[in-house]
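Asker: Quick one, final.cif (mmCIF, C-alpha atoms):
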```
data_target
#
loop_
_atom_site.group_PDB
_atom_site.id
_atom_site.type_symbol
_atom_site.label_atom_id
_atom_site.label_comp_id
_atom_site.auth_asym_id
_atom_site.auth_seq_id
_atom_site.Cartn_x
_atom_site.Cartn_y
_atom_site.Cartn_z
ATOM 1 C CA MET A 4 -130.649 138.202 -188.515
ATOM 2 C CA LEU A 5 -127.409 140.025 -189.171
ATOM 3 C CA HIS A 6 -124.497 138.914 -187.000
ATOM 4 C CA ILE A 7 -121.842 141.474 -186.151
ATOM 5 C CA GLU A 8 -118.699 140.584 -184.288
ATOM 6 C CA ILE A 9 -116.206 143.130 -183.053
ATOM 7 C CA ILE A 10 -112.821 141.598 -182.354
ATOM 8 C CA CYS A 11 -110.675 143.962 -180.347
ATOM 9 C CA VAL A 12 -107.376 143.842 -178.513
ATOM 10 C CA GLY A 13 -107.152 145.074 -174.936
ATOM 11 C CA LYS A 14 -109.433 145.126 -171.941
ATOM 12 C CA LEU A 15 -111.671 148.031 -171.050
ATOM 13 C CA LYS A 16 -110.808 149.417 -167.654
ATOM 14 C CA GLU A 17 -112.842 152.629 -167.489
ATOM 15 C CA SER A 18 -116.383 152.189 -166.213
ATOM 16 C CA TYR A 19 -117.756 155.051 -168.345
ATOM 17 C CA LEU A 20 -116.605 153.235 -171.509
ATOM 18 C CA LYS A 21 -118.078 149.950 -170.269
ATOM 19 C CA ASP A 22 -121.367 151.753 -169.592
ATOM 20 C CA ALA A 23 -121.426 153.294 -173.087
ATOM 21 C CA ILE A 24 -120.684 149.938 -174.714
ATOM 22 C CA ALA A 25 -123.392 148.228 -172.671
ATOM 23 C CA GLU A 26 -125.902 150.919 -173.659
ATOM 24 C CA TYR A 27 -125.148 150.760 -177.388
ATOM 25 C CA SER A 28 -125.044 146.955 -177.315
ATOM 26 C CA LYS A 29 -128.525 146.974 -175.776
ATOM 27 C CA ARG A 30 -129.781 149.415 -178.430
ATOM 28 C CA LEU A 31 -128.246 147.343 -181.230
ATOM 29 C CA SER A 32 -129.956 144.131 -180.058
ATOM 30 C CA LYS A 33 -133.150 145.375 -181.762
ATOM 31 C CA TYR A 34 -131.411 145.279 -185.152
ATOM 32 C CA CYS A 35 -128.725 142.604 -185.059
ATOM 33 C CA TYR A 36 -126.871 140.082 -182.987
ATOM 34 C CA CYS A 37 -123.721 141.870 -181.816
ATOM 35 C CA LYS A 38 -120.870 140.181 -179.997
ATOM 36 C CA ILE A 39 -117.668 141.773 -178.757
ATOM 37 C CA ILE A 40 -114.637 139.502 -178.530
ATOM 38 C CA GLU A 41 -112.015 141.069 -176.303
ATOM 39 C CA LEU A 42 -108.531 139.644 -176.742
ATOM 40 C CA PRO A 43 -105.596 140.247 -174.390
ATOM 41 C CA ASP A 44 -102.987 142.757 -175.403
ATOM 42 C CA GLU A 45 -99.309 141.901 -175.272
ATOM 43 C CA LYS A 46 -97.052 143.497 -172.712
ATOM 44 C CA LEU A 47 -94.845 146.139 -174.304
ATOM 45 C CA PRO A 48 -91.177 145.867 -173.380
ATOM 46 C CA THR A 49 -89.321 149.007 -172.356
ATOM 47 C CA PRO A 50 -87.540 150.282 -174.300
ATOM 48 C CA LEU A 51 -89.550 149.229 -177.345
ATOM 49 C CA CYS A 52 -87.341 148.503 -180.343
ATOM 50 C CA GLU A 53 -88.677 147.936 -183.872
ATOM 51 C CA ALA A 54 -88.188 144.152 -183.656
ATOM 52 C CA ASP A 55 -90.161 143.978 -180.393
ATOM 53 C CA LYS A 56 -92.873 146.200 -181.865
ATOM 54 C CA ASN A 57 -93.220 143.874 -184.866
ATOM 55 C CA LYS A 58 -93.396 140.801 -182.599
ATOM 56 C CA VAL A 59 -96.216 142.348 -180.550
ATOM 57 C CA ILE A 60 -98.183 143.360 -183.659
ATOM 58 C CA GLU A 61 -97.701 139.904 -185.183
ATOM 59 C CA LYS A 62 -98.771 138.049 -182.043
ATOM 60 C CA GLU A 63 -101.878 140.197 -181.498
ATOM 61 C CA SER A 64 -102.802 139.987 -185.200
ATOM 62 C CA ASN A 65 -102.451 136.196 -185.244
ATOM 63 C CA ASN A 66 -104.737 136.017 -182.219
ATOM 64 C CA ILE A 67 -107.308 138.177 -184.033
ATOM 65 C CA LEU A 68 -107.035 135.979 -187.130
ATOM 66 C CA ASN A 69 -107.771 132.866 -185.056
ATOM 67 C CA HIS A 70 -111.110 134.383 -183.982
ATOM 68 C CA ILE A 71 -112.452 135.436 -187.395
ATOM 69 C CA LYS A 72 -115.305 133.229 -188.530
ATOM 70 C CA GLU A 73 -115.000 131.728 -191.983
ATOM 71 C CA ASN A 74 -117.149 133.460 -194.628
ATOM 72 C CA SER A 75 -117.455 136.639 -192.587
ATOM 73 C CA TYR A 76 -117.100 140.003 -194.299
ATOM 74 C CA VAL A 77 -114.109 141.512 -192.505
ATOM 75 C CA ILE A 78 -113.720 145.258 -191.961
ATOM 76 C CA ALA A 79 -110.528 146.400 -190.242
ATOM 77 C CA LEU A 80 -110.304 149.795 -188.610
ATOM 78 C CA ASP A 81 -107.121 151.437 -189.812
ATOM 79 C CA LEU A 82 -105.840 154.984 -190.293
ATOM 80 C CA LYS A 83 -105.254 154.231 -193.989
ATOM 81 C CA GLY A 84 -108.844 153.069 -194.481
ATOM 82 C CA LYS A 85 -111.670 154.766 -196.309
ATOM 83 C CA GLN A 86 -113.660 157.396 -194.478
ATOM 84 C CA TYR A 87 -117.456 157.326 -194.727
ATOM 85 C CA SER A 88 -120.212 159.690 -193.734
ATOM 86 C CA SER A 89 -122.818 158.075 -191.462
ATOM 87 C CA GLU A 90 -125.188 157.772 -194.423
ATOM 88 C CA GLU A 91 -122.509 156.172 -196.605
ATOM 89 C CA PHE A 92 -121.570 153.757 -193.820
ATOM 90 C CA SER A 93 -125.226 152.797 -193.413
ATOM 91 C CA GLU A 94 -125.521 152.164 -197.145
ATOM 92 C CA LYS A 95 -122.291 150.141 -197.114
ATOM 93 C CA LEU A 96 -123.584 147.873 -194.339
ATOM 94 C CA SER A 97 -126.898 147.473 -196.124
ATOM 95 C CA ASN A 98 -125.135 146.482 -199.356
ATOM 96 C CA ILE A 99 -122.941 143.949 -197.553
ATOM 97 C CA THR A 100 -125.939 142.260 -195.978
ATOM 98 C CA LEU A 101 -127.988 142.307 -199.180
ATOM 99 C CA ASN A 102 -125.279 141.263 -201.612
ATOM 100 C CA GLU A 103 -122.590 139.464 -199.718
ATOM 101 C CA ASN A 104 -123.045 138.239 -196.213
ATOM 102 C CA SER A 105 -125.127 138.183 -193.055
ATOM 103 C CA HIS A 106 -122.012 138.073 -190.903
ATOM 104 C CA ILE A 107 -119.702 141.076 -190.534
ATOM 105 C CA THR A 108 -116.566 141.155 -188.410
ATOM 106 C CA PHE A 109 -114.917 144.414 -187.389
ATOM 107 C CA LEU A 110 -111.285 144.377 -186.262
ATOM 108 C CA ILE A 111 -109.810 146.848 -183.782
ATOM 109 C CA GLY A 112 -106.117 146.293 -183.142
ATOM 110 C CA GLY A 113 -104.136 147.036 -180.045
ATOM 111 C CA THR A 114 -101.979 150.028 -179.223
ATOM 112 C CA LEU A 115 -99.532 149.305 -182.047
ATOM 113 C CA GLY A 116 -102.139 148.398 -184.667
ATOM 114 C CA ILE A 117 -102.714 145.416 -186.938
ATOM 115 C CA SER A 118 -100.161 143.582 -189.086
ATOM 116 C CA LYS A 119 -99.973 144.309 -192.819
ATOM 117 C CA GLU A 120 -100.743 140.638 -193.478
ATOM 118 C CA LEU A 121 -103.994 140.784 -191.501
ATOM 119 C CA LEU A 122 -104.983 144.105 -193.071
ATOM 120 C CA ALA A 123 -104.458 142.528 -196.500
ATOM 121 C CA LYS A 124 -106.899 139.721 -195.577
ATOM 122 C CA ALA A 125 -109.666 142.169 -194.666
ATOM 123 C CA ASN A 126 -112.374 142.830 -197.233
ATOM 124 C CA GLU A 127 -112.166 146.506 -196.445
ATOM 125 C CA LEU A 128 -110.331 149.059 -194.313
ATOM 126 C CA ILE A 129 -112.225 151.949 -192.779
ATOM 127 C CA CYS A 130 -111.112 154.951 -190.772
ATOM 128 C CA PHE A 131 -113.280 157.026 -188.439
ATOM 129 C CA SER A 132 -110.842 159.920 -188.310
ATOM 130 C CA LYS A 133 -107.305 160.828 -189.279
ATOM 131 C CA MET A 134 -106.859 161.763 -185.623
ATOM 132 C CA THR A 135 -105.569 159.119 -183.236
ATOM 133 C CA PHE A 136 -107.927 157.898 -180.510
ATOM 134 C CA PRO A 137 -107.494 155.226 -177.830
ATOM 135 C CA HIS A 138 -108.592 151.880 -179.255
ATOM 136 C CA GLN A 139 -110.988 151.486 -176.300
ATOM 137 C CA LEU A 140 -112.812 154.675 -177.300
ATOM 138 C CA ILE A 141 -113.025 153.541 -180.927
ATOM 139 C CA ARG A 142 -115.211 150.637 -179.744
ATOM 140 C CA VAL A 143 -117.764 153.156 -178.539
ATOM 141 C CA PHE A 144 -117.500 155.101 -181.822
ATOM 142 C CA LEU A 145 -118.065 151.908 -183.808
ATOM 143 C CA LEU A 146 -121.084 150.798 -181.774
ATOM 144 C CA GLU A 147 -122.620 154.266 -182.001
ATOM 145 C CA GLN A 148 -122.136 154.362 -185.776
ATOM 146 C CA LEU A 149 -123.602 150.866 -186.142
ATOM 147 C CA PHE A 150 -126.653 151.963 -184.156
ATOM 148 C CA ARG A 151 -126.940 155.161 -186.205
ATOM 149 C CA SER A 152 -126.631 153.091 -189.380
ATOM 150 C CA PHE A 153 -129.607 150.920 -188.475
ATOM 151 C CA LYS A 154 -131.650 153.996 -187.550
ATOM 152 C CA ILE A 155 -130.851 155.471 -190.986
ATOM 153 C CA GLN A 156 -131.709 152.199 -192.781
ATOM 154 C CA ASN A 157 -135.067 152.035 -191.001
ATOM 155 C CA ASN A 158 -135.898 155.740 -191.484
ATOM 156 C CA GLU A 159 -136.058 156.187 -187.722
ATOM 157 C CA THR A 160 -135.211 159.488 -186.094
ATOM 158 C CA TYR A 161 -131.916 159.856 -184.334
ATOM 159 C CA HIS A 162 -130.049 162.997 -183.318
ATOM 160 C CA ARG A 163 -127.785 164.433 -185.980
#
```
Go ahead and express the file in the form of structure tokens.

Answerer:
Amino acid sequence: MLHIEIICVGKLKESYLKDAIAEYSKRLSKYCYCKIIELPDEKLPTPLCEADKNKVIEKESNNILNHIKENSYVIALDLKGKQYSSEEFSEKLSNITLNENSHITFLIGGTLGISKELLAKANELICFSKMTFPHQLIRVFLLEQLFRSFKIQNNETYHR
């Protein structure tokens, strides 16, 4: 069975986001083993200078790196990443599992993002939108698109 891990920085506080994640996690359990690893975010000093910003990004990125399983196909969510349609994303996941790996790890950084070094270690960068969204909301987007992807792969109906 395909194993998907989502490593993300920051705790969810809003109950409506927790509910959405629980619902999509339940739906995904039919298709894969999905685990969300929530890592603490670093406190941001005020005012935030460039050096402090880089320290926070580095610390959070190193923490993410420590949780990536060896031999996992790593996909980082980043504004500079490739954008896919839902059908293309579904095909991409299918190709990864057929040709490369049965373990995929998605990375969602904190408020300030992911370090260049960690992004360089990812197998691929993807972007859901050029717009900026809270990283907590992106978790819901990712889970929904994973669920949609499996529905597409299995020729099952799902709203468009």

Asker: Run the PyMOL selection byres ((chain A and resi 128) around 7) on the file and write out the hits as a CSV table (one decimal) with C-alpha atoms, in the coordinates of the input.

Answerer:
```
chain,number,residue,atom,x,y,z
A,78,ILE,CA,-113.7,145.3,-192.0
A,79,ALA,CA,-110.5,146.4,-190.2
A,80,LEU,CA,-110.3,149.8,-188.6
A,81,ASP,CA,-107.1,151.4,-189.8
A,84,GLY,CA,-108.8,153.1,-194.5
A,85,LYS,CA,-111.7,154.8,-196.3
A,125,ALA,CA,-109.7,142.2,-194.7
A,127,GLU,CA,-112.2,146.5,-196.4
A,129,ILE,CA,-112.2,151.9,-192.8
A,130,CYS,CA,-111.1,155.0,-190.8
```

Asker: Would you mind telling me which residue in A:Tyr87, A:Asn157, A:Ile117, A:Ser75 lies nearest to Lys58 in chain A when using only C-alpha atoms?

Answerer: A:Ile117

Asker: So what does the PyMOL selection byres ((chain A and resi 13) around 12) actually pick up in this one, as a ChimeraX atom specification?

Answerer: /A:10-12,14-16,39-46,63,66-67,111-116,137-142

Asker: Taking the file as I've supplied it (selection: the PyMOL selection byres ((chain A and resi 6) around 7)), which residues are included? Please answer as JSON, numbers by chain.

Answerer: {"A": [4, 5, 7, 8, 35, 36, 37, 105, 106, 107]}

Asker: Using only C-alpha atoms, which protein or nucleic acid residues come within 8 Å of range 24-27 of chain A? Drop anything in the same chain fewer than 4 positions from it, and give the result as an NGL selection string.

Answerer: :A and (20 or 31 or 142-143 or 146-147 or 150)

Asker: From the list A:Phe109, A:Tyr19, A:Phe144, A:Phe131, which residue is nearest Ile71 in chain A when using all atoms listed in the file?

Answerer: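 Checking each of A:Phe109, A:Tyr19, A:Phe144, A:Phe131 against Ile71 in chain A, counting all atoms listed in the file, the winner is A:Phe109.
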